[in-house]
$ cat model-v6.cif   # mmCIF, C-alpha atoms and all ligand atoms
data_entry
#
loop_
_atom_site.group_PDB
_atom_site.id
_atom_site.type_symbol
_atom_site.label_atom_id
_atom_site.label_comp_id
_atom_site.auth_asym_id
_atom_site.auth_seq_id
_atom_site.Cartn_x
_atom_site.Cartn_y
_atom_site.Cartn_z
ATOM 1 C CA MET A 29 0.000 0.000 0.000
ATOM 2 C CA GLU A 30 1.333 3.388 -0.925
ATOM 3 C CA ILE A 31 1.633 5.789 1.962
ATOM 4 C CA SER A 32 3.346 9.147 2.344
ATOM 5 C CA PHE A 33 4.524 10.890 5.464
ATOM 6 C CA ASP A 34 3.740 14.414 6.666
ATOM 7 C CA ILE A 35 5.931 15.765 9.448
ATOM 8 C CA HIS A 36 4.593 18.600 11.626
ATOM 9 C CA ARG A 37 7.031 20.324 13.973
ATOM 10 C CA THR A 38 6.479 22.690 16.870
ATOM 11 C CA CYS A 39 9.192 23.981 19.197
ATOM 12 C CA ASN A 40 8.867 20.938 21.476
ATOM 13 C CA SER A 41 7.068 18.248 19.502
ATOM 14 C CA ILE A 42 7.032 16.421 16.201
ATOM 15 C CA LYS A 43 4.001 14.667 14.755
ATOM 16 C CA ILE A 44 4.380 12.102 12.000
ATOM 17 C CA ASP A 45 1.263 11.462 9.911
ATOM 18 C CA ALA A 46 1.128 8.484 7.571
ATOM 19 C CA CYS A 47 -1.242 9.358 4.756
ATOM 20 C CA ARG A 48 -3.042 7.352 2.128
ATOM 21 C CA ASN A 49 -4.824 9.334 -0.585
ATOM 22 C CA LYS A 50 -3.994 12.482 1.414
ATOM 23 C CA ARG A 51 -5.817 11.226 4.534
ATOM 24 C CA SER A 52 -4.057 10.335 7.746
ATOM 25 C CA ILE A 53 -4.381 6.646 8.608
ATOM 26 C CA ALA A 54 -1.692 6.485 11.290
ATOM 27 C CA PHE A 55 0.425 8.803 13.375
ATOM 28 C CA ALA A 56 3.118 9.040 16.010
ATOM 29 C CA LYS A 57 4.070 11.899 18.309
ATOM 30 C CA LEU A 58 7.474 12.742 19.690
ATOM 31 C CA PHE A 59 7.838 15.132 22.576
ATOM 32 C CA LEU A 60 11.218 16.863 22.700
ATOM 33 C CA HIS A 61 12.301 17.235 26.257
ATOM 34 C CA GLU A 62 14.973 19.622 27.478
ATOM 35 C CA HIS A 63 16.738 18.399 30.568
ATOM 36 C CA PRO A 64 19.960 19.678 32.142
ATOM 37 C CA ALA A 65 21.405 16.172 32.208
ATOM 38 C CA GLN A 66 20.412 15.128 28.727
ATOM 39 C CA ASN A 67 17.957 16.346 26.100
ATOM 40 C CA CYS A 68 15.829 13.495 24.864
ATOM 41 C CA ALA A 69 12.714 12.573 22.928
ATOM 42 C CA TRP A 70 9.645 10.751 24.193
ATOM 43 C CA LEU A 71 7.522 8.744 21.821
ATOM 44 C CA THR A 72 4.236 9.641 23.478
ATOM 45 C CA GLU A 73 1.829 8.034 21.006
ATOM 46 C CA ILE A 74 1.766 5.683 18.056
ATOM 47 C CA TYR A 75 -1.525 4.769 16.476
ATOM 48 C CA VAL A 76 -2.735 3.024 13.339
ATOM 49 C CA SER A 77 -6.386 3.228 12.314
ATOM 50 C CA PRO A 78 -7.858 -0.233 13.136
ATOM 51 C CA LYS A 79 -8.686 -1.308 9.597
ATOM 52 C CA PHE A 80 -5.086 -0.665 8.483
ATOM 53 C CA ARG A 81 -3.360 -2.614 11.254
ATOM 54 C CA GLY A 82 -1.226 -5.687 10.700
ATOM 55 C CA ARG A 83 0.053 -4.470 7.302
ATOM 56 C CA GLY A 84 3.377 -3.044 8.399
ATOM 57 C CA ILE A 85 2.177 0.569 8.676
ATOM 58 C CA GLY A 86 2.898 0.851 12.411
ATOM 59 C CA SER A 87 6.424 -0.408 11.686
ATOM 60 C CA LYS A 88 6.897 2.239 8.996
ATOM 61 C CA VAL A 89 5.694 4.995 11.306
ATOM 62 C CA LEU A 90 7.992 3.769 14.067
ATOM 63 C CA LEU A 91 10.943 3.700 11.650
ATOM 64 C CA GLN A 92 10.160 7.306 10.698
ATOM 65 C CA ALA A 93 10.254 8.221 14.393
ATOM 66 C CA ASN A 94 13.562 6.354 14.784
ATOM 67 C CA GLY A 95 14.926 8.290 11.799
ATOM 68 C CA ILE A 96 13.904 11.629 13.282
ATOM 69 C CA VAL A 97 15.538 10.964 16.660
ATOM 70 C CA SER A 98 18.625 9.727 14.799
ATOM 71 C CA ASP A 99 18.792 12.980 12.816
ATOM 72 C CA LEU A 100 18.434 14.905 16.069
ATOM 73 C CA ALA A 101 21.032 12.608 17.745
ATOM 74 C CA LEU A 102 18.808 12.258 20.818
ATOM 75 C CA PRO A 103 18.123 9.211 22.966
ATOM 76 C CA ALA A 104 14.423 8.374 22.873
ATOM 77 C CA PHE A 105 12.107 6.789 25.410
ATOM 78 C CA LEU A 106 8.599 5.394 25.503
ATOM 79 C CA TYR A 107 6.192 3.763 27.880
ATOM 80 C CA ALA A 108 4.794 0.625 26.245
ATOM 81 C CA HIS A 109 1.209 0.120 27.250
ATOM 82 C CA SER A 110 -1.856 -0.640 25.214
ATOM 83 C CA SER A 111 -5.435 -1.431 26.098
ATOM 84 C CA GLU A 112 -5.738 -3.054 22.671
ATOM 85 C CA LEU A 113 -2.647 -5.262 22.311
ATOM 86 C CA PRO A 114 -1.115 -7.854 24.623
ATOM 87 C CA GLN A 115 2.003 -6.501 26.292
ATOM 88 C CA ARG A 116 4.332 -9.159 24.905
ATOM 89 C CA ILE A 117 3.276 -8.322 21.338
ATOM 90 C CA LEU A 118 3.745 -4.616 21.948
ATOM 91 C CA LEU A 119 7.216 -5.128 23.428
ATOM 92 C CA ARG A 120 8.162 -7.363 20.522
ATOM 93 C CA PHE A 121 6.907 -4.742 18.053
ATOM 94 C CA TYR A 122 9.233 -2.102 19.523
ATOM 95 C CA ALA A 123 12.153 -4.502 20.074
ATOM 96 C CA LYS A 124 12.020 -5.557 16.439
ATOM 97 C CA HIS A 125 12.711 -1.942 15.510
ATOM 98 C CA GLY A 126 15.677 -1.334 17.785
ATOM 99 C CA TRP A 127 14.023 -0.408 21.095
ATOM 100 C CA THR A 128 15.326 -1.921 24.325
ATOM 101 C CA GLN A 129 13.629 -2.392 27.667
ATOM 102 C CA LEU A 130 14.967 0.029 30.236
ATOM 103 C CA ASN A 131 14.968 -2.571 32.962
ATOM 104 C CA ASN A 132 17.939 -4.145 31.211
ATOM 105 C CA LEU A 133 19.776 -0.959 32.028
ATOM 106 C CA PHE A 134 18.268 0.399 35.229
ATOM 107 C CA TYR A 135 17.579 -2.024 37.990
ATOM 108 C CA GLY A 136 14.053 -1.740 39.321
ATOM 109 C CA VAL A 137 12.489 0.261 36.502
ATOM 110 C CA LYS A 138 9.190 -1.095 35.176
ATOM 111 C CA PRO A 139 9.648 -3.221 32.055
ATOM 112 C CA ASN A 140 7.200 -1.036 30.127
ATOM 113 C CA TYR A 141 9.845 1.654 29.688
ATOM 114 C CA MET A 142 11.963 1.321 26.580
ATOM 115 C CA TYR A 143 14.701 3.359 24.976
ATOM 116 C CA TYR A 144 16.153 3.837 21.518
ATOM 117 C CA LEU A 145 19.721 4.981 21.100
ATOM 118 C CA PRO A 146 20.594 6.315 17.658
ATOM 119 C CA GLU A 147 23.978 5.376 16.271
ATOM 120 C CA GLY A 148 26.604 7.662 17.723
ATOM 121 C CA VAL A 149 24.631 8.437 20.915
ATOM 122 C CA GLN A 150 26.457 6.811 23.799
ATOM 123 C CA LYS A 151 24.783 4.830 26.522
ATOM 124 C CA ASP A 152 26.331 7.339 28.938
ATOM 125 C CA ALA A 153 23.606 9.664 27.679
ATOM 126 C CA LEU A 154 21.303 7.656 29.910
ATOM 127 C CA SER A 155 23.044 9.005 32.953
ATOM 128 C CA PRO A 156 22.169 8.374 36.595
ATOM 129 C CA VAL A 157 20.850 11.935 36.728
ATOM 130 C CA PHE A 158 18.488 11.103 33.934
ATOM 131 C CA GLN A 159 17.463 7.921 35.678
ATOM 132 C CA GLY A 160 16.573 10.095 38.658
ATOM 133 C CA PHE A 161 14.465 12.258 36.378
ATOM 134 C CA ILE A 162 12.516 9.274 35.087
ATOM 135 C CA ARG A 163 11.964 8.014 38.591
ATOM 136 C CA SER A 164 10.717 11.344 39.919
ATOM 137 C CA MET A 165 8.592 12.324 36.942
ATOM 138 C CA TYR A 166 6.950 8.950 36.452
ATOM 139 C CA ASN A 167 7.040 7.787 40.034
ATOM 140 C CA VAL A 168 8.776 4.478 39.364
HETATM 141 C C1 LIG B 1 0.691 -0.972 17.943
HETATM 142 C C2 LIG B 1 0.275 -0.559 16.540
HETATM 143 C C3 LIG B 1 0.718 0.885 16.286
HETATM 144 C C4 LIG B 1 0.950 -1.493 15.520
HETATM 145 O O1 LIG B 1 0.573 -1.059 14.223
HETATM 146 P P1 LIG B 1 0.496 -2.105 12.995
HETATM 147 O O2 LIG B 1 0.328 -1.332 11.738
HETATM 148 O O3 LIG B 1 -0.526 -3.145 13.278
HETATM 149 O O4 LIG B 1 1.949 -2.736 13.073
HETATM 150 P P2 LIG B 1 2.634 -3.722 12.048
HETATM 151 O O5 LIG B 1 1.671 -4.160 10.980
HETATM 152 O O6 LIG B 1 3.883 -3.044 11.632
HETATM 153 O O7 LIG B 1 2.903 -5.018 12.934
HETATM 154 C C5 LIG B 1 3.523 -4.959 14.147
HETATM 155 C C6 LIG B 1 3.706 -6.359 14.757
HETATM 156 O O8 LIG B 1 2.686 -6.583 15.729
HETATM 157 C C7 LIG B 1 1.986 -7.757 15.411
HETATM 158 N N1 LIG B 1 0.589 -7.511 15.703
HETATM 159 C C8 LIG B 1 -0.082 -6.370 15.488
HETATM 160 N N2 LIG B 1 -1.355 -6.513 15.946
HETATM 161 C C9 LIG B 1 -1.437 -7.771 16.450
HETATM 162 C C10 LIG B 1 -2.474 -8.494 17.096
HETATM 163 N N3 LIG B 1 -3.691 -7.968 17.303
HETATM 164 N N4 LIG B 1 -2.226 -9.755 17.504
HETATM 165 C C11 LIG B 1 -1.017 -10.298 17.287
HETATM 166 N N5 LIG B 1 0.025 -9.658 16.698
HETATM 167 C C12 LIG B 1 -0.202 -8.393 16.290
HETATM 168 C C13 LIG B 1 2.210 -7.993 13.950
HETATM 169 O O9 LIG B 1 2.075 -9.355 13.643
HETATM 170 C C14 LIG B 1 3.631 -7.509 13.793
HETATM 171 O O10 LIG B 1 4.546 -8.468 14.267
HETATM 172 P P3 LIG B 1 5.555 -9.178 13.293
HETATM 173 O O11 LIG B 1 6.302 -8.061 12.594
HETATM 174 O O12 LIG B 1 6.421 -9.966 14.205
HETATM 175 O O13 LIG B 1 4.715 -9.971 12.372
HETATM 176 C C15 LIG B 1 -1.279 -0.696 16.331
HETATM 177 O O14 LIG B 1 -1.677 -1.997 16.718
HETATM 178 C C16 LIG B 1 -2.104 0.310 17.117
HETATM 179 O O15 LIG B 1 -2.344 1.449 16.665
HETATM 180 N N6 LIG B 1 -2.588 -0.099 18.315
HETATM 181 C C17 LIG B 1 -3.429 0.781 19.128
HETATM 182 C C18 LIG B 1 -2.631 1.900 19.766
HETATM 183 C C19 LIG B 1 -1.516 1.355 20.624
HETATM 184 O O16 LIG B 1 -1.685 0.386 21.345
HETATM 185 N N7 LIG B 1 -0.353 2.021 20.550
HETATM 186 C C20 LIG B 1 0.816 1.645 21.328
HETATM 187 C C21 LIG B 1 0.888 2.453 22.574
HETATM 188 S S1 LIG B 1 2.397 2.150 23.470
#
$ encode --input "model-v6.cif" --output "structure tokens" --more "lines below"
Ligand SMILES: CC(C)(COP(=O)(O)OP(=O)(O)OC[C@H]1O[C@@H](n2cnc3c(N)ncnc32)[C@H](O)[C@@H]1OP(=O)(O)O)[C@@H](O)C(=O)NCCC(=O)NCCS
Amino acid sequence: MEISFDIHRTCNSIKIDACRNKRSIAFAKLFLHEHPAQNCAWLTEIYVSPKFRGRGIGSKVLLQANGIVSDLALPAFLYAHSSELPQRILLRFYAKHGWTQLNNLFYGVKPNYMYYLPEGVQKDALSPVFQGFIRSMYNV
């Protein structure tokens, strides 16, 4: 299926729309977060219209998001939770596209948190200070 991507930027967010015949059928949102320890991006939403699911569109949208954070050279994070998909499928979906569960890195953090490190961004970017930020902001 032929789809095109529209990218909408504000000063602190980026929305990716996947369009078919000029209508959006899927989207993802990145929130750009400034933090003294490390600027980063949060993938706050990814959504494919139900009748278009299971055809690789979510993967394409996620790869667009990966490409954007790679261009920005920022580490990215997300909280994997869906009322519509089993958790193991959701985690596998992200893992297949280069995302890693944070609990492999930070002892005690809920397994729903995942990160994506673009090439060239060092793991040091996920500093203890930043870990503290995640803990305080999300109460984990
Ligand atoms: C998660 C979501 C974006 C995936 O979009 P998609 O277009 O269906 O994704 P893809 O077609 O690229 O497939 C992703 C993988 O999930 C699997 N999958 C998707 N829906 C599935 C389902 N209901 N049951 C089993 N597997 C499923 C696919 O088989 C595929 O795995 P594979 O590559 O190993 O075969 C979409 O299901 C969605 O919008 N869900 C509702 C919103 C949501 O839960 N967002 C995530 C919030 S963290």
$ closest_residue --input "model-v6.cif" --among "A:Val89, A:Val97, A:Ile74, A:Ala46" --to "ligand LIG 1 (chain B)" --atoms "all atoms listed in the file"
A:Ile74
$ closest_residue --input "model-v6.cif" --among "A:Glu73, A:Glu147, A:Asp152, A:Glu30" --to "Leu100 (chain A)" --atoms "only C-alpha atoms"
A:Glu147
$ atom_distance --input "model-v6.cif" --atom1 "CA of His36 (chain A)" --atom2 "CA of Tyr75 (chain A)"
15.9 Å
$ residues_around --input "model-v6.cif" --residues "Ile42 (chain A)" --least-positions-apart "4" --cutoff "6 Å" --atoms "only C-alpha atoms" --output "tab-separated table (two decimals) with C-alpha atoms, in the coordinates of the input"
chain	number	residue	atom	x	y	z
A	36	HIS	CA	4.59	18.60	11.63
A	37	ARG	CA	7.03	20.32	13.97
A	57	LYS	CA	4.07	11.90	18.31
A	58	LEU	CA	7.47	12.74	19.69
$ residues_near_point --input "model-v6.cif" --point "(17.1, 11.6, 17.6)" --cutoff "12 Å" --atoms "only C-alpha atoms" --output "JSON, numbers by chain"
{"A": [42, 58, 59, 60, 61, 67, 68, 69, 70, 71, 91, 92, 93, 94, 95, 96, 97, 98, 99, 100, 101, 102, 103, 104, 105, 143, 144, 145, 146, 147, 148, 149]}
$ residues_near_ligand --input "model-v6.cif" --ligand "ligand LIG 1 (chain B)" --cutoff "6 Å" --atoms "all atoms listed in the file" --output "CSV table (one decimal) with C-alpha atoms, keeping the file's coordinate frame"
chain,number,residue,atom,x,y,z
A,73,GLU,CA,1.8,8.0,21.0
A,74,ILE,CA,1.8,5.7,18.1
A,75,TYR,CA,-1.5,4.8,16.5
A,76,VAL,CA,-2.7,3.0,13.3
A,81,ARG,CA,-3.4,-2.6,11.3
A,82,GLY,CA,-1.2,-5.7,10.7
A,83,ARG,CA,0.1,-4.5,7.3
A,84,GLY,CA,3.4,-3.0,8.4
A,85,ILE,CA,2.2,0.6,8.7
A,86,GLY,CA,2.9,0.9,12.4
A,87,SER,CA,6.4,-0.4,11.7
A,108,ALA,CA,4.8,0.6,26.2
A,109,HIS,CA,1.2,0.1,27.2
A,110,SER,CA,-1.9,-0.6,25.2
A,112,GLU,CA,-5.7,-3.1,22.7
A,113,LEU,CA,-2.6,-5.3,22.3
A,117,ILE,CA,3.3,-8.3,21.3
A,121,PHE,CA,6.9,-4.7,18.1
$ resolve_selection --input "model-v6.cif" --expression "the PyMOL selection byres (((chain A and resi 77) around 9) and not hetatm)" --output "number ranges by chain"
A: 52-55, 75-76, 78-81
$ write_last_selection --input "model-v6.cif" --atoms "C-alpha atoms" --output "PDB file, in the frame of the given file"
ATOM      1  CA  SER A  52      -4.057  10.335   7.746  1.00  0.00           C
ATOM      2  CA  ILE A  53      -4.381   6.646   8.608  1.00  0.00           C
ATOM      3  CA  ALA A  54      -1.692   6.485  11.290  1.00  0.00           C
ATOM      4  CA  PHE A  55       0.425   8.803  13.375  1.00  0.00           C
ATOM      5  CA  TYR A  75      -1.525   4.769  16.476  1.00  0.00           C
ATOM      6  CA  VAL A  76      -2.735   3.024  13.339  1.00  0.00           C
ATOM      7  CA  PRO A  78      -7.858  -0.233  13.136  1.00  0.00           C
ATOM      8  CA  LYS A  79      -8.686  -1.308   9.597  1.00  0.00           C
ATOM      9  CA  PHE A  80      -5.086  -0.665   8.483  1.00  0.00           C
ATOM     10  CA  ARG A  81      -3.360  -2.614  11.254  1.00  0.00           C
TER      11      ARG A  81
END
$ resolve_selection --input "model-v6.cif" --expression "the PyMOL selection byres (((chain A and resi 49) around 9) and not hetatm)" --output "list of chain:residue names"
A:Glu30, A:Ile31, A:Ser32, A:Cys47, A:Arg48, A:Lys50, A:Arg51, A:Ser52
$ atom_distance --input "model-v6.cif" --atom1 "CA of Gln129 (chain A)" --atom2 "CA of Asn40 (chain A)"
24.6 Å
$ closest_residue --input "model-v6.cif" --among "A:Ile35, A:Ala123, A:Leu154, A:Leu106" --to "Tyr141 (chain A)" --atoms "only C-alpha atoms"
A:Leu106
$ closest_residue --input "model-v6.cif" --among "A:Pro139, A:Lys43, A:Tyr107, A:Leu90" --to "His125 (chain A)" --atoms "all atoms listed in the file"
A:Leu90
$ atom_distance --input "model-v6.cif" --atom1 "CA of Arg116 (chain A)" --atom2 "CA of Asp45 (chain A)"
25.7 Å
$ decode --input "model-v6.cif" --residues "region 76-142 of chain A" --atoms "C-alpha atoms" --output "PDB file, in the first residue's frame"
ATOM      1  CA  VAL A  76      -2.735   3.024  13.339  1.00  0.00           C
ATOM      2  CA  SER A  77      -6.386   3.228  12.314  1.00  0.00           C
ATOM      3  CA  PRO A  78      -7.858  -0.233  13.136  1.00  0.00           C
ATOM      4  CA  LYS A  79      -8.686  -1.308   9.597  1.00  0.00           C
ATOM      5  CA  PHE A  80      -5.086  -0.665   8.483  1.00  0.00           C
ATOM      6  CA  ARG A  81      -3.360  -2.614  11.254  1.00  0.00           C
ATOM      7  CA  GLY A  82      -1.226  -5.687  10.700  1.00  0.00           C
ATOM      8  CA  ARG A  83       0.053  -4.470   7.302  1.00  0.00           C
ATOM      9  CA  GLY A  84       3.377  -3.044   8.399  1.00  0.00           C
ATOM     10  CA  ILE A  85       2.177   0.569   8.676  1.00  0.00           C
ATOM     11  CA  GLY A  86       2.898   0.851  12.411  1.00  0.00           C
ATOM     12  CA  SER A  87       6.424  -0.408  11.686  1.00  0.00           C
ATOM     13  CA  LYS A  88       6.897   2.239   8.996  1.00  0.00           C
ATOM     14  CA  VAL A  89       5.694   4.995  11.306  1.00  0.00           C
ATOM     15  CA  LEU A  90       7.992   3.769  14.067  1.00  0.00           C
ATOM     16  CA  LEU A  91      10.943   3.700  11.650  1.00  0.00           C
ATOM     17  CA  GLN A  92      10.160   7.306  10.698  1.00  0.00           C
ATOM     18  CA  ALA A  93      10.254   8.221  14.393  1.00  0.00           C
ATOM     19  CA  ASN A  94      13.562   6.354  14.784  1.00  0.00           C
ATOM     20  CA  GLY A  95      14.926   8.290  11.799  1.00  0.00           C
ATOM     21  CA  ILE A  96      13.904  11.629  13.282  1.00  0.00           C
ATOM     22  CA  VAL A  97      15.538  10.964  16.660  1.00  0.00           C
ATOM     23  CA  SER A  98      18.625   9.727  14.799  1.00  0.00           C
ATOM     24  CA  ASP A  99      18.792  12.980  12.816  1.00  0.00           C
ATOM     25  CA  LEU A 100      18.434  14.905  16.069  1.00  0.00           C
ATOM     26  CA  ALA A 101      21.032  12.608  17.745  1.00  0.00           C
ATOM     27  CA  LEU A 102      18.808  12.258  20.818  1.00  0.00           C
ATOM     28  CA  PRO A 103      18.123   9.211  22.966  1.00  0.00           C
ATOM     29  CA  ALA A 104      14.423   8.374  22.873  1.00  0.00           C
ATOM     30  CA  PHE A 105      12.107   6.789  25.410  1.00  0.00           C
ATOM     31  CA  LEU A 106       8.599   5.394  25.503  1.00  0.00           C
ATOM     32  CA  TYR A 107       6.192   3.763  27.880  1.00  0.00           C
ATOM     33  CA  ALA A 108       4.794   0.625  26.245  1.00  0.00           C
ATOM     34  CA  HIS A 109       1.209   0.120  27.250  1.00  0.00           C
ATOM     35  CA  SER A 110      -1.856  -0.640  25.214  1.00  0.00           C
ATOM     36  CA  SER A 111      -5.435  -1.431  26.098  1.00  0.00           C
ATOM     37  CA  GLU A 112      -5.738  -3.054  22.671  1.00  0.00           C
ATOM     38  CA  LEU A 113      -2.647  -5.262  22.311  1.00  0.00           C
ATOM     39  CA  PRO A 114      -1.115  -7.854  24.623  1.00  0.00           C
ATOM     40  CA  GLN A 115       2.003  -6.501  26.292  1.00  0.00           C
ATOM     41  CA  ARG A 116       4.332  -9.159  24.905  1.00  0.00           C
ATOM     42  CA  ILE A 117       3.276  -8.322  21.338  1.00  0.00           C
ATOM     43  CA  LEU A 118       3.745  -4.616  21.948  1.00  0.00           C
ATOM     44  CA  LEU A 119       7.216  -5.128  23.428  1.00  0.00           C
ATOM     45  CA  ARG A 120       8.162  -7.363  20.522  1.00  0.00           C
ATOM     46  CA  PHE A 121       6.907  -4.742  18.053  1.00  0.00           C
ATOM     47  CA  TYR A 122       9.233  -2.102  19.523  1.00  0.00           C
ATOM     48  CA  ALA A 123      12.153  -4.502  20.074  1.00  0.00           C
ATOM     49  CA  LYS A 124      12.020  -5.557  16.439  1.00  0.00           C
ATOM     50  CA  HIS A 125      12.711  -1.942  15.510  1.00  0.00           C
ATOM     51  CA  GLY A 126      15.677  -1.334  17.785  1.00  0.00           C
ATOM     52  CA  TRP A 127      14.023  -0.408  21.095  1.00  0.00           C
ATOM     53  CA  THR A 128      15.326  -1.921  24.325  1.00  0.00           C
ATOM     54  CA  GLN A 129      13.629  -2.392  27.667  1.00  0.00           C
ATOM     55  CA  LEU A 130      14.967   0.029  30.236  1.00  0.00           C
ATOM     56  CA  ASN A 131      14.968  -2.571  32.962  1.00  0.00           C
ATOM     57  CA  ASN A 132      17.939  -4.145  31.211  1.00  0.00           C
ATOM     58  CA  LEU A 133      19.776  -0.959  32.028  1.00  0.00           C
ATOM     59  CA  PHE A 134      18.268   0.399  35.229  1.00  0.00           C
ATOM     60  CA  TYR A 135      17.579  -2.024  37.990  1.00  0.00           C
ATOM     61  CA  GLY A 136      14.053  -1.740  39.321  1.00  0.00           C
ATOM     62  CA  VAL A 137      12.489   0.261  36.502  1.00  0.00           C
ATOM     63  CA  LYS A 138       9.190  -1.095  35.176  1.00  0.00           C
ATOM     64  CA  PRO A 139       9.648  -3.221  32.055  1.00  0.00           C
ATOM     65  CA  ASN A 140       7.200  -1.036  30.127  1.00  0.00           C
ATOM     66  CA  TYR A 141       9.845   1.654  29.688  1.00  0.00           C
ATOM     67  CA  MET A 142      11.963   1.321  26.580  1.00  0.00           C
TER      68      MET A 142
END
